[in-house]
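Chemist: Can you keep this structure in mind? I'll have questions shortly.
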Amino acid sequence: MNRRAPWVLVLPALIGLAFLVLPLLGLLVRAPWSTLGTRLARPEILDALRLSLLSATLATVLCLLVGVPLAWVLARIDFPGRRLVRALVTVPLVLPPVVGGVALLLALGRNGLVGRWLDRWFGVTLPFTTAGVVLAEAFVALPFLVISVEGAVRAADLRYEDAAATLGASRWTTFRRVTLPLIAPGVGAGAVLCWARALGEFGATITFAGNFPGRTQTMPLAVYLALENDPQSAIVLSLVLLAVSVVVLAGLRGRWVS
């Protein structure tokens, strides 16, 4: 049954939509389309793009290695303090990224809780390195993966795992051959969201890893720097990040958008 929407709701809805769309429209209108290819081919932009793609991919791999087991534990094992652990996992979602960067410095810096021992025993220094970029991005992106995978694990049919156990499969075999295929769509969606979040990370990266061209300067950092002396290049880099966001949303449309 069709009902006419009251203007008291439609008008604020249109204002909200305009508030979200107009900045993106301004980015598209002011983009230097005639020199887009030339600007994208500049060495500093290519370096930032390369580093962003590499670090976001490595951060996603790291998140997969630790996030999938963590999500499985949260979904399947009932242990004291599980709600607290789940809350701690989701803290980076609401924590200001700059605060996350400061926390990483205090934990993994040369004088940090763990960083001092890494430096003393192994000579490993993480802040202001490419590895620091990866860790900063993984810190803010991991919750996206864990939440997605945990939901997939909870939704998986336990009868298939029970059947595998009845046939003599070990727990590891059951997880690898039964559980993982069942939750693969959730893992894939979480990995894509994780990668996109890592690609766009700024606050934790600049605080923990700095802004050194060719070593720690990712695309969001390059946008920030370009705004001071080359706004047109900043717009070009912003367009690239916008395009990535649109592709991610399009790829996840069937799972996240009704």
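In the structure tokens, chains take letters A, B, ... by order of appearance, with residues numbered from 1 within each chain and ligands from 1 in the order shown.
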Listing only residues of segment 38-108 of chain A within 8 Å of segment 234-252 of chain A, what is the closest atom pair and its distance in Å (to one decimal) for each, using only C-alpha atoms, sorted by chain and residue number ascending, as a Markdown table?
Modeler:
| residue | atom | partner | partner_atom | distance |
| --- | --- | --- | --- | --- |
| A:Arg39 | CA | A:Val236 | CA | 7.3 |
| A:Leu40 | CA | A:Val236 | CA | 7.2 |
| A:Ile45 | CA | A:Leu237 | CA | 7.7 |
Chemist: Could you give me, as a list in words, the residues within 12 Å of Leu46 of chain A, counting only C-alpha atoms and dropping anything in the same chain fewer than 2 positions from it?
Modeler: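 The filter keeps Gly37, Thr38, Arg39, Leu40, Ala41, Arg42, Pro43, Glu44, Ala48, Leu49, Arg50, Leu51, Ser52, Leu53, Pro213, Gly214, Gln217, Thr218, Met219, Ala222, Ser233, Val236, Leu237 and Val240 of chain A.
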Chemist: Please report, as an MDAnalysis selection string, each residue of segment 1-247 of chain A to which DSSP assigns helix (DSSP H, G or I) when run on this structure's backbone.
Modeler: chainID A and resid 7:29 33:40 43:76 82:94 97:108 115:122 130:155 158:166 171:199 203:208 219:229 231:247
Chemist: Between A:Leu199, A:Leu167, A:Leu27, A:Leu108, which is the closest to Thr60 of chain A once you count only C-alpha atoms?
Modeler: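 Once distances to Thr60 of chain A are computed over only C-alpha atoms, the minimum belongs to A:Leu199.
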Chemist: Determine, counting only C-alpha atoms, which protein, DNA and RNA residues have an atom within 8 Å of an atom of Asp119 of chain A; residues of the same chain fewer than 5 positions away are not included. Present the result as a PyMOL selection string.
Modeler: chain A and resi 110+124-125
Chemist: Please dump the current selection as a PDB file, in the first residue's frame; keep N, CA and C atoms.
Modeler:
ATOM      1  N   ARG A 110      59.929   2.945  21.136  1.00  0.00           N
ATOM      2  CA  ARG A 110      61.237   2.501  21.643  1.00  0.00           C
ATOM      3  C   ARG A 110      61.269   2.460  23.167  1.00  0.00           C
ATOM      4  N   VAL A 124      64.608  -4.200  16.845  1.00  0.00           N
ATOM      5  CA  VAL A 124      63.458  -3.870  15.998  1.00  0.00           C
ATOM      6  C   VAL A 124      62.827  -2.574  16.493  1.00  0.00           C
ATOM      7  N   THR A 125      62.742  -1.590  15.603  1.00  0.00           N
ATOM      8  CA  THR A 125      62.084  -0.323  15.902  1.00  0.00           C
ATOM      9  C   THR A 125      60.914  -0.151  14.952  1.00  0.00           C
TER      10      THR A 125
END
Chemist: Rounded to one decimal, what separation in Å do you get between atom CA of Asn211 of chain A and atom CA of Phe144 of chain A?
Modeler: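 Distance between the two atoms: 25.1 Å.
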Chemist: Counting only C-alpha atoms, figure out which residue out of A:Pro69, A:Val223, A:Val102, A:Gln232 gets nearest to Trp172 of chain A.
Modeler: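 Counting only C-alpha atoms, the residue closest to Trp172 of chain A is A:Pro69.
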Chemist: I need the residue nearest Val94 of chain A from this list: A:Leu158, A:Ile77, A:Leu11, A:Ala141. Use only C-alpha atoms for the distance.
Modeler: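 For Val94 of chain A, the nearest of the candidates is A:Ala141.
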Chemist: Rounded to one decimal place, report the atom CA of Leu180 of chain A-atom CA of Leu62 of chain A distance in Å.
Modeler: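 Result for atom CA of Leu180 of chain A versus atom CA of Leu62 of chain A: 17.3 Å, one decimal.
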Chemist: I'd like to know which of A:Ala184, A:Ala152, A:Ala163, A:Gly203 is closest to Ala75 of chain A, using only C-alpha atoms.
Modeler: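 Using only C-alpha atoms, the shortest distance to Ala75 of chain A belongs to A:Ala152.
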Chemist: Atom CA of Gly112 of chain A and atom CA of Thr205 of chain A are how many Å apart?
Modeler: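 Separating atom CA of Gly112 of chain A from atom CA of Thr205 of chain A is a distance of 16.9 Å.
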Chemist: Near Glu150 of chain A, within 9 Å and counting only C-alpha atoms, which residues show up once chain neighbours fewer than 6 positions away are dropped, as a list in words?
Modeler: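 With the cut-off at 9 Å, the set is Val68, Leu70, Ala71, Trp72, Val73, Leu74, Ala75, Arg76 and Gly186 of chain A.
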Chemist: Can I get the selection written as a compact mmCIF listing (two decimals), in the first residue's frame, with C-alpha atoms?
Modeler:
# COMPACT_ATOMS: atom_id res chain seq x y z
CA VAL A 68 39.45 -14.92 12.06
CA LEU A 70 39.54 -14.19 17.42
CA ALA A 71 36.09 -13.97 15.83
CA TRP A 72 35.68 -17.76 16.08
CA VAL A 73 36.60 -17.71 19.77
CA LEU A 74 34.14 -14.91 20.49
CA ALA A 75 31.36 -16.68 18.60
CA ARG A 76 31.86 -20.27 19.76
CA GLY A 186 31.60 -13.19 5.80
Chemist: Nearest to Arg154 of chain A: which of A:Thr207, A:Thr179, A:Cys63, A:Thr35 is it, counting only C-alpha atoms?
Modeler: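 Result for the nearest residue to Arg154 of chain A: A:Thr179.
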